[in-house]
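Heads up, the thing below is written out as structure tokens.
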2 protein chains.
Amino acid sequence: MNVTGRTRRPASIRDVATAAGVSYQTVSRVINGHPSVKPATRDRVLAAIDELGFRRNATALALASGRSRAVTVLTANTTHYGYASILQGVEEAARAASYAVGIGVLESAEEAAVAAEVQRAADAGGGLIVIAYDPAGVRALAAVPAELPVVGVVETPASPPGEDRPWVWTDDREAAYEVTRHLLSLGHETVHYVAIPSSTRRTSARTSGWREALRAAGAPEPRPLQGSWGPAGGHTAGRRLAKDPAVTAILCGNDDLALGVLRALHEAGRSVPDEVSVAGFDDAPHAAYLTPSLTTVRLDFTGLGRAAFALLHGAMEESAQVAPHPVSVPELVIRESSGPSRR
Amino acid sequence: MNVTGRTRRPASIRDVATAAGVSYQTVSRVINGHPSVKPATRDRVLAAIDELGFRRNATALALASGRSRAVTVLTANTTHYGYASILQGVEEAARAASYAVGIGVLESAEEAAVAAEVQRAADAGGGLIVIAYDPAGVRALAAVPAELPVVGVVETPASPPGEDRPWVWTDDREAAYEVTRHLLSLGHETVHYVAIPSSTRRTSARTSGWREALRAAGAPEPRPLQGSWGPAGGHTAGRRLAKDPAVTAILCGNDDLALGVLRALHEAGRSVPDEVSVAGFDDAPHAAYLTPSLTTVRLDFTGLGRAAFALLHGAMEESAQVAPHPVSVPELVIRESSGPSRR
DNA sequence: CTGAAAGCGCTTACAG
DNA sequence: CTGAAAGCGCTTACAG
């Protein structure tokens, strides 16, 4: 609100300069915290900034300086718990650093569509965080032009990646190993696995961890069942597993799959955990409230998102360098859905 | 990849002009689809664009033209089903229109914090979509400067808003009315209600619809219980309701609350739907797979997000004007958790 | 149909 | 410590 009552155009650096009786370069120095400004001058400028409600135009800043305080998250999904939580973590950290956060959804894994999305994200300016938990994300990460700052949120790599790979992940393999061992320790002969879709043609980290635990225990290694990301896929897989009386323990690639499996077992009249134990992955908000409540592995997705941003932030500003490859440690949460084998 | 092997700076309009042997203004005309360009010239420019891999710099475009093809979604939450789905809908529509989408989270409902977030969103340039389902969102919507294009995703307004209110909503009141009537039609004497937090001090649309249905049926009107957004709040409310043997039907403000209520009833040994019927709101992905599967009302949140974007898009570009106040119609989904009263 | 000029709101050297 | 110039990559009138 100014005296004339008209506030069409926001105050610019020149308006502030006029009001403070200095040149606009001096205003630029003040808003950039440049040291060589006489305190009295600075105060006058600050007063003018305050009076006019001046805010530095981010677009002009980006164009003139060639760098923009922005990050775009590229993801195949925004509603699943893990994805949404990573996005939340990125936003939290970005907000704290006064970065704008954009989002681009990879609706298709088709090469051309992915390339187009990466271009859109690049056009937005700033850095990129790519969630590479699925084929679309993996392709997007690979398609990012070399000159763009980028951090990938990836599955646990099979082997330690080079220092130059700006990646973050949770230790899914270890998590899968732990929860599988928990189920085996209850006396189950083996553990069946309903997998989330894998990001590549290679075996996923969760699948590896599960298999290693079976191997270590000398347990039979059944073929993993392919699920999807949601409960419907778990339900389909659960119906097949429910038919086999030898199945007494099922690990699911995430809590939504587990929900579908629980439902399928219920429909087949097989009680959990008395006849079959079930465990999930993620510790989504609903896991604790299902009946039976779900044994699962808690993963710190928001922390992962924050770590991804921190890494990117370090790459985009010479200050605040961050250690590469942050890894968050999973935590086994034992609830009602897993119990002793009755065989 | 160019011949020199160096691709530091992306091609600009001037690079294209040089390559095509025209002035850069002509290039501008071509990329803006201006009619008065000789076909032969246009072709040469197009060829140069293609060859150099030119992409128009969005930052410069925004600065020079004063308008930016971007929308920022302001929301208190990114993980709850409804919020996340609206965001997804906005992104879908924005992508189709080649708009960038940003996101700002309102972590606090405190006036100053909200104002700061609105400022950040305004700084990003472009239009705003504010999800005003909670106090933070309502305040943010009110705090948006008049000169900014904005669309509010709101609860069903108590009275028809003016044509100048660019708002979208689902018909929550009607939805609550329908599902309450469904429960009453099963013979329940009345229906208890576990509410989501209301966006303002006034009664929410869902609460109104529930109350109207009770009133129309001449049923007693119990006080609504205050819940939260997640299952924990439902669990707390459910424990209290479980103690009262007169309670035979419970409506919940969303499916997550219903999950907590189901759990509390289970813990109290009250069977659903034999002793108590439960219904939710939203038809979140897990609703169909719970045991018992959840009766609920399906709301088209992604459609709502798309509508919000369409309205904003119409306001930001003179073309494609859209009818104000899009409303999506809810759909009752009857599942196992509701059944006849046994009283 | 096409070119030369001015400007969007800033920053980055360059002067003094 | 502070000011005048040039420029970021575009668009928008203005000429011809």
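Each chain in the structure tokens gets a letter, A, B, ..., in the order shown, and its residues are numbered from 1; ligands are numbered from 1 in order too.
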All residues 10 Å or closer to Glu174 of chain B, only C-alpha atoms (C1' of nucleotides), same chain fewer than 2 positions away omitted, as a VMD selection string
chain B and resid 156 170 to 172 176 to 180 205 to 206 208 to 210 212 to 213 329 to 331
query = Could you pull out the helix (DSSP H, G or I) residues of segment 13-228 of chain B from DSSP and send them as a VMD selection string?
reply = chain B and resid 13 to 20 24 to 31 39 to 52 58 to 65 81 to 96 111 to 123 135 to 143 172 to 185 205 to 217
- Query: For chain A against chain D, which residues fall within 6 Å using only C-alpha atoms (C1' of nucleotides), given as a list in words?
  - Reply: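 Only these qualify: Ser36, Val37, Leu63 and Ala64 of chain A.
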Limited to N, CA and C atoms, could you put the picked residues into a file as a PDB file, in the first residue's frame?
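result-v2.pdb, freshly written:
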ATOM      1  N   SER A  36      31.737  -3.551   1.629  1.00  0.00           N
ATOM      2  CA  SER A  36      32.145  -2.155   1.518  1.00  0.00           C
ATOM      3  C   SER A  36      30.985  -1.191   1.270  1.00  0.00           C
ATOM      4  N   VAL A  37      30.183  -1.017   2.278  1.00  0.00           N
ATOM      5  CA  VAL A  37      29.108  -0.022   2.234  1.00  0.00           C
ATOM      6  C   VAL A  37      29.120   0.697   3.575  1.00  0.00           C
ATOM      7  N   LEU A  63      18.557 -14.401 -14.248  1.00  0.00           N
ATOM      8  CA  LEU A  63      19.052 -14.068 -15.582  1.00  0.00           C
ATOM      9  C   LEU A  63      20.414 -13.370 -15.511  1.00  0.00           C
ATOM     10  N   ALA A  64      20.529 -12.433 -14.612  1.00  0.00           N
ATOM     11  CA  ALA A  64      21.764 -11.660 -14.538  1.00  0.00           C
ATOM     12  C   ALA A  64      22.926 -12.471 -13.959  1.00  0.00           C
TER      13      ALA A  64
END
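Among B:Val297, B:Ala122, B:Val276, B:Val130, the residue with the shortest atom-to-atom distance to chain A, counting only C-alpha atoms, is B:Ala122.
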One residue among A:Ala242, A:Ile103, A:Ala97, A:Ala136 is nearest to chain B when using only C-alpha atoms, and that residue is A:Ile103
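Around segment 302-308 of chain A, within 8 Å and counting only C-alpha atoms (C1' of nucleotides), the residues found are A:Ser85, A:Ile86, A:Leu87, A:Gln88, A:Gly89, A:Val90, A:Glu91, A:Glu92, A:Ala93, A:Ile129, A:Val151, A:Gly152, A:Val153, A:Trp167, A:Val168, A:Trp169, A:Thr170, A:Asp300, A:Ala310, A:Leu311, A:Leu312, A:Pro326, A:Val327, A:Ser328, once anything fewer than 2 positions away on its own chain is removed.
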- Exercise answer, chain A residues close to chain B, 6 Å and only C-alpha atoms, as a VMD selection string: chain A and resid 59 79 84 101 to 103 260 263 289
Selection file, N, CA, C and O atoms, as a PDB file, in the first residue's frame:
ATOM      1  N   THR A  59      13.545 -13.633 -10.880  1.00  0.00           N
ATOM      2  CA  THR A  59      13.758 -13.890 -12.311  1.00  0.00           C
ATOM      3  C   THR A  59      14.954 -13.083 -12.828  1.00  0.00           C
ATOM      4  O   THR A  59      15.826 -13.618 -13.520  1.00  0.00           O
ATOM      5  N   THR A  79       2.095 -39.712  -5.065  1.00  0.00           N
ATOM      6  CA  THR A  79       1.149 -40.099  -4.010  1.00  0.00           C
ATOM      7  C   THR A  79       1.617 -41.265  -3.140  1.00  0.00           C
ATOM      8  O   THR A  79       1.207 -41.365  -1.996  1.00  0.00           O
ATOM      9  N   ALA A  84       6.225 -39.475  -1.852  1.00  0.00           N
ATOM     10  CA  ALA A  84       5.667 -38.242  -1.288  1.00  0.00           C
ATOM     11  C   ALA A  84       6.512 -37.758  -0.110  1.00  0.00           C
ATOM     12  O   ALA A  84       6.682 -36.553   0.090  1.00  0.00           O
ATOM     13  N   VAL A 101      11.054 -24.867  -4.959  1.00  0.00           N
ATOM     14  CA  VAL A 101      11.059 -26.256  -5.401  1.00  0.00           C
ATOM     15  C   VAL A 101       9.964 -26.516  -6.422  1.00  0.00           C
ATOM     16  O   VAL A 101       8.808 -26.154  -6.244  1.00  0.00           O
ATOM     17  N   GLY A 102      10.397 -27.096  -7.527  1.00  0.00           N
ATOM     18  CA  GLY A 102       9.486 -27.440  -8.609  1.00  0.00           C
ATOM     19  C   GLY A 102       9.318 -28.943  -8.657  1.00  0.00           C
ATOM     20  O   GLY A 102      10.086 -29.685  -8.054  1.00  0.00           O
ATOM     21  N   ILE A 103       8.290 -29.378  -9.373  1.00  0.00           N
ATOM     22  CA  ILE A 103       8.087 -30.806  -9.485  1.00  0.00           C
ATOM     23  C   ILE A 103       7.701 -31.178 -10.902  1.00  0.00           C
ATOM     24  O   ILE A 103       6.947 -30.461 -11.561  1.00  0.00           O
ATOM     25  N   GLY A 260      -2.521 -55.536   0.604  1.00  0.00           N
ATOM     26  CA  GLY A 260      -3.210 -56.395  -0.356  1.00  0.00           C
ATOM     27  C   GLY A 260      -3.034 -57.870  -0.033  1.00  0.00           C
ATOM     28  O   GLY A 260      -3.965 -58.668  -0.167  1.00  0.00           O
ATOM     29  N   ARG A 263      -5.198 -58.833   2.887  1.00  0.00           N
ATOM     30  CA  ARG A 263      -6.580 -58.960   2.441  1.00  0.00           C
ATOM     31  C   ARG A 263      -6.805 -60.303   1.736  1.00  0.00           C
ATOM     32  O   ARG A 263      -7.791 -61.002   1.982  1.00  0.00           O
ATOM     33  N   TYR A 289      -1.871 -49.348  12.243  1.00  0.00           N
ATOM     34  CA  TYR A 289      -3.296 -49.387  12.566  1.00  0.00           C
ATOM     35  C   TYR A 289      -4.072 -50.484  11.858  1.00  0.00           C
ATOM     36  O   TYR A 289      -5.272 -50.635  12.051  1.00  0.00           O
TER      37      TYR A 289
END
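Note that atom CA of Arg215 of chain A and atom CA of Glu336 of chain A are 25.9 Å apart.
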